[in-house]
Amino acid sequence: MTVPGGDHEGQNVRLICTVVRLAARAPDGSGADAQWLVLVTPAETAGQAAERAAWRLRTGLSHAAAVGIGASLDVTEVAETLVNLLVPDFADLATVDIAEQVLVGDEPPQLDTSGDVRLRRTAAAQSPEISAEDLLAVGEALPPVTDSTLMRPLMKGLPVVVPDVAILHAKLGVDPESLPLFVPRGAHSSIAVPLYARGLILGCVTVWRSQLPSVFGEQDAALLQDVVSRAALGVDNARRYTKEHRSAVALQRSLLPRSAAVSAAAETVGLYQPAGGGLGVGGDWFDVIPLPSLRVAFVVGDVVGHGLDATAAMARLRTAVQTLADLDLDPGELLTHLDDLVLGLSGEERSGDSRSETAVLGATCLYAVYDPVTRECTAASAGHPPPAMVAPGEQPVFVGVLPGPPLGVGGMPFEVTDFGVRPGSMLAFYTDGLVGSRGGDIEEGMDRLRSALAGANTLRPLGEIGQDLFDGVLPRGPSDDVALLLARTHALPSDQVAEWELEADLSLVAQARELVVGQLSSWRLDELSFVTELVASELVTNAIRYAGGPVGLRLIRDRVLVCEVSDPSSTQPRLRRARETDEGGRGLFLVAQLTDRWGCRFTRTGKTIWTEQPIG
C-alpha cells in the first residue's frame with residue numbers, strides 16, 4: 001500500500017499488522033465488548049535484512065574469535081582455528097601463511113621494514129563447493145613475489161582489499177604459470193590482512209569469496225582485522241613458547257651424553273623423550289661412563305618434576321655421579337655419597353627458594369658397573385626400577401636389584417647386587433616414565449616392557465630397538481619424560497687377558513718381571529716391555545712390602561695395555577715428590593710419569609692399583 005505520511009510517505013511499503021487483545025470487558029464493567037489494539041508497522045526491507053545479517057556475522061565472528069583463538073600454544077593449531085572460524089560464513093576460502101622464523105620460534109622482521117619474510121602455508125579451509133586443487137598446499141613455502149604497490153601496505157600493517165580479482169591478475173607481479181598457486185579459480189574478491197603483533201610481521205591471512213555473492217568491502221576488512229589481531233597475539237605467544245621450549249630441550253639434550261657409543265665393554269644407545277610428546281623437559285637422564293680396566297658404568301636417574309628446575313637439578317646430580325665414578329667407588333658407596341650430596345643440596349634449597357625442593361628431594365638413581373673380563377655386572381639402586389636383561393636366545397627378565405630409598409632420605413644403606421651377563425646380552429635401563437602412567441600400575445607397565453623386549457630382534461641396531469620400545473610401550477603424549485639406555489655387552493676374549501698370583505716374597509719380583517716380558521712378547525708388544533716391566537716391578541714390590549700376600553698381577557690387552565696389581569690392603573697409595581735425602585718414595589712417581597693413566601680402586605678383598613699405556 002501507499003503510505004500517506006511519515007518516513008515512508010509516498011512509498012509502496014509492505015506492512016505488518018499485529019492485533020493485541022487488551023481486556024475482556026470495558027473498564028466501567030458494563031459488559032461491553034472486549035477492547036483490541038491494532039499495531040501497524042512497516043516490514044523490514046531487503047537492505048535492512050542484509051544489514052542485520054551482517055551485524056549478526058560481525059558479532060558472532062568476534063565472539064567466536066575471542067573464545068576460540070589463543071587457547072593453544074601451538075602456531076599451527078592457532079592458524080587452523082582461525083581459518084575454521086572464517087569459513088564458510090565469512091569467506092569461501094581462507095589461508096594462513098606464517099613466516100618461517102615464527103615456526104621455529106625465531107623473531108621475524110618488524111613492521112615497515114625491508115626485512116626478508118619467507119612465508120610457509122600453515123593452514124587452509126574451504127567450502128565444499130570450492131575447488132582449490134591448484135592452490136599452494138599446506139606445508140609448502142610460498143614462491144617469492146616481486147615488490148608491488150598493491151601488496152606493499154601489508155608490510156605497514158594495513159589490509160589490502162581486492163573487490164575484483166582481475167586486479168590481482170594485472171598487479172600481483174606473478175608470471176601466469178604461477179598465478180594459480182596464489183589465486184583460486186572462480187574467486188571474485190579477496191582481502192589480505194597482515195598477521196602482526198608487538199610490531200613484528202608474523203604472516204598473512206587471505207580470504208576469498210566465490211560462492212558468496214557479496215563483494216568484500218571496507219567493513220569486511222575492518223572485521224577481518226579485528227579477528228586477525230586476536231589470532232596474531234595467539235601466534236606470537238605460541239612463537240615465544242616455541243622459542244623457550246626449544247631452548248629448554250636444547251639445554252636438556254646438551255646435558256646428556258652422546259646418544260650412541262661403542263667401547264670394549266659394550267655398545268650403548270640412549271634415548272630421551274620429553275613429557276607430552278616433546279612439550280615439557282624434565283629431570284630424567286642417562287649416562288655411560290668409561291672406567292679403568294676396560295669397565296663401563298651405566299647410569300640412569302630421574303628427578304621428579306618438569307621444567308628448568310628439574311633440568312638444573314639433573315645436571316648437578318649427573319656431574320656429581322661422574323665425579324664419584326672417577327673415584328672408582330663401589331656402586332653402593334657411590335650412591336651413599338650421592339645421597340649425602342642431595343641432602344646438602346636440599347638444605348641449600350630450604351634456606352633459599354623453596355620452589356625447587358621437590359626437584360632435589362624427589363630423585364632416584366641406578367648405578368651399574370660391567371666388567372668385560374669377568375663378564376659380571378654390579379649394581380645398586382636408590383629407589384629406581386630394576387634393569388631388564390635379554391640374554392641371547394632367552395626371554396627377557398628383570399634383574400633382582402634390591403632398591404634402596406630415593407636420594408635425599410639419608411641414613412639407609414644401598415644394597416649391591418652382582419649378576420652374570422652373557423656376551424651379546426642386551427641390558428635395558430629406564431626411568432619410571434616408560435613403565436608408569438598417570439593412574440596406572442607400574443607392574444602393568446613392566447609387563448608391557450617385557451612383552452616388547454620379548455618381541456624385539458636384539459640383533460637389530462640398538463637405536464631402532466629403542467624407538468620401537470618407545471612406540472610400543474609409551475602412551476601417546478606421555479605425562480612424564482622418559483630416559484632409556486640400551487647396552488649390548490661385549491666380553492673380552494681369554495687370550496687378551498693374563499693373570500698370575502704371587503706369594504708375599506720379594507724374591508718373586510724377578511719372576512713377575514719375567515712373566516710380564518714373556519706375555520708382552522707373545523702379544524708382539526715388545527716395545528712396551530721396558531716400561532711395563534718397570535711398572536710391574538715397582539707395584540709388586542710395594543704390595544709385598546707394605547700389604548703382604550697374596551698379590552695379584554694381571555695384564556689386559558685391548559686398545560690400551562692395562563697392568564693391574566692387587567693386594568689385601570685397604571691403604572690408599574699417595575703420589576708424592578721425594579726429597580733428595582729420601583731413600584724411597586720415588587716408585588709411584590715413576591709409574592705416574594711413565595704411564596698414560598694410573599689409579600687405585602678398592603675391592604671387597606683389598607685394593608687394585610692399575611695403569612694404562614696406549615698401544616700403537
# chains A, B, ... in the order shown; residues from 1 in each chain; ligands from 1

$ residues_around --residues "segment 285-291 of chain A" --least-positions-apart "2" --cutoff "6 Å" --atoms "only C-alpha atoms" --output "list in words"
Arg295, Val296, Ala297, Phe298, Val299, Val300, Gly301 and Ala483 of chain A

$ residues_around --residues "segment 389-401 of chain A" --least-positions-apart "6" --cutoff "9 Å" --atoms "only C-alpha atoms" --output "ChimeraX atom specification"
/A:379-381,415-419,421-428,446,450-451,453-454,458

$ closest_residue --among "A:Ser566, A:Val373, A:Val104, A:Leu520" --to "Arg601 of chain A" --atoms "only C-alpha atoms"
A:Ser566

$ closest_residue --among "A:Ala65, A:Pro493, A:Val303, A:Val207" --to "Arg316 of chain A" --atoms "only C-alpha atoms"
A:Val303

$ closest_residue --among "A:Leu474, A:Val78, A:Ala382, A:Val102" --to "Arg118 of chain A" --atoms "only C-alpha atoms"
A:Val102

$ residues_around --residues "Leu588 of chain A" --least-positions-apart "4" --cutoff "9 Å" --atoms "only C-alpha atoms" --output "PDB file with N, CA, C and O atoms, in the first residue's frame"
ATOM      1  N   VAL A 535     107.014 -50.907  35.695  1.00  0.00           N
ATOM      2  CA  VAL A 535     105.773 -50.637  36.438  1.00  0.00           C
ATOM      3  C   VAL A 535     105.383 -51.836  37.284  1.00  0.00           C
ATOM      4  O   VAL A 535     105.069 -51.709  38.483  1.00  0.00           O
ATOM      5  N   GLU A 538     107.748 -52.243  40.340  1.00  0.00           N
ATOM      6  CA  GLU A 538     107.517 -51.284  41.421  1.00  0.00           C
ATOM      7  C   GLU A 538     106.235 -51.610  42.188  1.00  0.00           C
ATOM      8  O   GLU A 538     106.203 -51.591  43.425  1.00  0.00           O
ATOM      9  N   LEU A 539     105.155 -51.898  41.460  1.00  0.00           N
ATOM     10  CA  LEU A 539     103.874 -52.134  42.140  1.00  0.00           C
ATOM     11  C   LEU A 539     103.879 -53.437  42.924  1.00  0.00           C
ATOM     12  O   LEU A 539     103.332 -53.504  44.032  1.00  0.00           O
ATOM     13  N   PRO A 573      97.334 -45.548  48.274  1.00  0.00           N
ATOM     14  CA  PRO A 573      98.678 -45.035  47.961  1.00  0.00           C
ATOM     15  C   PRO A 573      98.621 -43.554  47.600  1.00  0.00           C
ATOM     16  O   PRO A 573      97.660 -43.085  46.987  1.00  0.00           O
ATOM     17  N   ARG A 574      99.644 -42.833  47.998  1.00  0.00           N
ATOM     18  CA  ARG A 574      99.690 -41.402  47.755  1.00  0.00           C
ATOM     19  C   ARG A 574     100.891 -41.069  46.873  1.00  0.00           C
ATOM     20  O   ARG A 574     101.995 -41.547  47.112  1.00  0.00           O
ATOM     21  N   LEU A 575     100.633 -40.261  45.869  1.00  0.00           N
ATOM     22  CA  LEU A 575     101.692 -39.812  44.990  1.00  0.00           C
ATOM     23  C   LEU A 575     102.351 -38.589  45.617  1.00  0.00           C
ATOM     24  O   LEU A 575     101.686 -37.622  45.978  1.00  0.00           O
ATOM     25  N   ARG A 576     103.691 -38.639  45.751  1.00  0.00           N
ATOM     26  CA  ARG A 576     104.414 -37.505  46.323  1.00  0.00           C
ATOM     27  C   ARG A 576     105.751 -37.359  45.625  1.00  0.00           C
ATOM     28  O   ARG A 576     106.247 -38.291  44.992  1.00  0.00           O
ATOM     29  N   ALA A 592     103.657 -42.991  37.556  1.00  0.00           N
ATOM     30  CA  ALA A 592     102.763 -41.951  37.033  1.00  0.00           C
ATOM     31  C   ALA A 592     103.376 -41.244  35.834  1.00  0.00           C
ATOM     32  O   ALA A 592     102.662 -40.845  34.904  1.00  0.00           O
ATOM     33  N   GLN A 593     104.714 -41.086  35.811  1.00  0.00           N
ATOM     34  CA  GLN A 593     105.367 -40.397  34.712  1.00  0.00           C
ATOM     35  C   GLN A 593     105.474 -41.270  33.465  1.00  0.00           C
ATOM     36  O   GLN A 593     105.421 -40.767  32.340  1.00  0.00           O
TER      37      GLN A 593
END

$ residues_around --residues "segment 504-515 of chain A" --least-positions-apart "3" --cutoff "10 Å" --atoms "only C-alpha atoms" --output "ChimeraX atom specification"
/A:498-501,518-521,529-530,532-551,553,567

$ write_last_selection --atoms "N, CA, C and O atoms" --output "compact mmCIF listing (two decimals), in the first residue's frame"
# COMPACT_ATOMS: atom_id res chain seq x y z
N ALA A 498 95.89 -61.96 30.83
CA ALA A 498 96.85 -62.85 31.51
C ALA A 498 96.92 -62.43 32.97
O ALA A 498 97.08 -61.24 33.27
N GLU A 499 96.81 -63.38 33.87
CA GLU A 499 96.84 -63.06 35.30
C GLU A 499 97.58 -64.14 36.07
O GLU A 499 97.55 -65.33 35.72
N TRP A 500 98.24 -63.68 37.14
CA TRP A 500 99.00 -64.58 37.99
C TRP A 500 98.79 -64.16 39.45
O TRP A 500 98.41 -63.03 39.74
N GLU A 501 99.07 -65.10 40.35
CA GLU A 501 99.01 -64.84 41.80
C GLU A 501 100.36 -65.17 42.40
O GLU A 501 100.91 -66.26 42.19
N GLY A 518 107.52 -62.00 29.04
CA GLY A 518 107.13 -63.12 28.20
C GLY A 518 105.75 -62.95 27.61
O GLY A 518 105.52 -63.27 26.43
N GLN A 519 104.81 -62.43 28.39
CA GLN A 519 103.45 -62.26 27.88
C GLN A 519 103.40 -61.16 26.80
O GLN A 519 102.75 -61.32 25.77
N LEU A 520 104.11 -60.06 27.02
CA LEU A 520 104.12 -59.00 26.02
C LEU A 520 104.80 -59.46 24.73
O LEU A 520 104.41 -59.05 23.63
N SER A 521 105.78 -60.35 24.84
CA SER A 521 106.43 -60.90 23.65
C SER A 521 105.45 -61.76 22.85
O SER A 521 105.41 -61.68 21.62
N SER A 529 107.63 -53.44 26.64
CA SER A 529 108.18 -54.33 27.68
C SER A 529 108.94 -53.57 28.75
O SER A 529 108.78 -53.82 29.94
N PHE A 530 109.79 -52.60 28.34
CA PHE A 530 110.62 -51.92 29.33
C PHE A 530 109.78 -51.18 30.37
O PHE A 530 109.97 -51.34 31.57
N THR A 532 106.50 -51.50 31.02
CA THR A 532 105.60 -52.38 31.76
C THR A 532 106.35 -53.22 32.78
O THR A 532 105.85 -53.46 33.90
N GLU A 533 107.55 -53.65 32.44
CA GLU A 533 108.37 -54.42 33.40
C GLU A 533 108.71 -53.58 34.62
O GLU A 533 108.63 -54.04 35.76
N LEU A 534 109.07 -52.31 34.37
CA LEU A 534 109.39 -51.42 35.48
C LEU A 534 108.16 -51.15 36.33
O LEU A 534 108.22 -51.16 37.58
N VAL A 535 107.01 -50.91 35.69
CA VAL A 535 105.77 -50.64 36.44
C VAL A 535 105.38 -51.84 37.28
O VAL A 535 105.07 -51.71 38.48
N ALA A 536 105.38 -53.04 36.70
CA ALA A 536 105.02 -54.24 37.45
C ALA A 536 105.98 -54.48 38.60
O ALA A 536 105.57 -54.87 39.71
N SER A 537 107.26 -54.24 38.37
CA SER A 537 108.25 -54.45 39.43
C SER A 537 107.99 -53.52 40.60
O SER A 537 108.00 -53.96 41.77
N GLU A 538 107.75 -52.24 40.34
CA GLU A 538 107.52 -51.28 41.42
C GLU A 538 106.23 -51.61 42.19
O GLU A 538 106.20 -51.59 43.43
N LEU A 539 105.16 -51.90 41.46
CA LEU A 539 103.87 -52.13 42.14
C LEU A 539 103.88 -53.44 42.92
O LEU A 539 103.33 -53.50 44.03
N VAL A 540 104.47 -54.49 42.37
CA VAL A 540 104.52 -55.77 43.09
C VAL A 540 105.40 -55.64 44.32
O VAL A 540 105.08 -56.17 45.40
N THR A 541 106.51 -54.93 44.19
CA THR A 541 107.40 -54.74 45.34
C THR A 541 106.68 -54.00 46.46
O THR A 541 106.75 -54.40 47.64
N ASN A 542 105.98 -52.92 46.12
CA ASN A 542 105.24 -52.17 47.15
C ASN A 542 104.15 -53.01 47.78
O ASN A 542 103.91 -52.94 49.00
N ALA A 543 103.46 -53.82 46.97
CA ALA A 543 102.39 -54.65 47.51
C ALA A 543 102.93 -55.68 48.49
O ALA A 543 102.36 -55.90 49.57
N ILE A 544 104.04 -56.33 48.13
CA ILE A 544 104.60 -57.34 49.02
C ILE A 544 105.16 -56.70 50.28
O ILE A 544 105.00 -57.22 51.39
N ARG A 545 105.79 -55.54 50.13
CA ARG A 545 106.45 -54.91 51.27
C ARG A 545 105.46 -54.31 52.25
O ARG A 545 105.64 -54.40 53.48
N TYR A 546 104.40 -53.71 51.78
CA TYR A 546 103.51 -52.96 52.67
C TYR A 546 102.14 -53.61 52.91
O TYR A 546 101.44 -53.23 53.84
N ALA A 547 101.76 -54.55 52.06
CA ALA A 547 100.41 -55.14 52.20
C ALA A 547 100.43 -56.62 52.47
O ALA A 547 99.46 -57.17 52.99
N GLY A 548 101.49 -57.32 52.13
CA GLY A 548 101.51 -58.77 52.30
C GLY A 548 100.87 -59.46 51.10
O GLY A 548 100.59 -58.85 50.07
N GLY A 549 100.66 -60.74 51.23
CA GLY A 549 100.13 -61.51 50.11
C GLY A 549 98.76 -62.09 50.41
O GLY A 549 98.24 -61.96 51.53
N PRO A 550 98.20 -62.75 49.44
CA PRO A 550 98.75 -62.92 48.09
C PRO A 550 98.60 -61.65 47.24
O PRO A 550 97.74 -60.82 47.49
N VAL A 551 99.44 -61.55 46.22
CA VAL A 551 99.46 -60.39 45.33
C VAL A 551 99.02 -60.86 43.94
O VAL A 551 99.56 -61.85 43.41
N LEU A 553 98.58 -60.17 39.87
CA LEU A 553 99.16 -59.42 38.75
C LEU A 553 98.36 -59.77 37.49
O LEU A 553 98.19 -60.96 37.17
N ASP A 567 96.25 -56.32 46.04
CA ASP A 567 96.75 -56.81 47.34
C ASP A 567 95.63 -56.70 48.36
O ASP A 567 94.61 -56.04 48.13
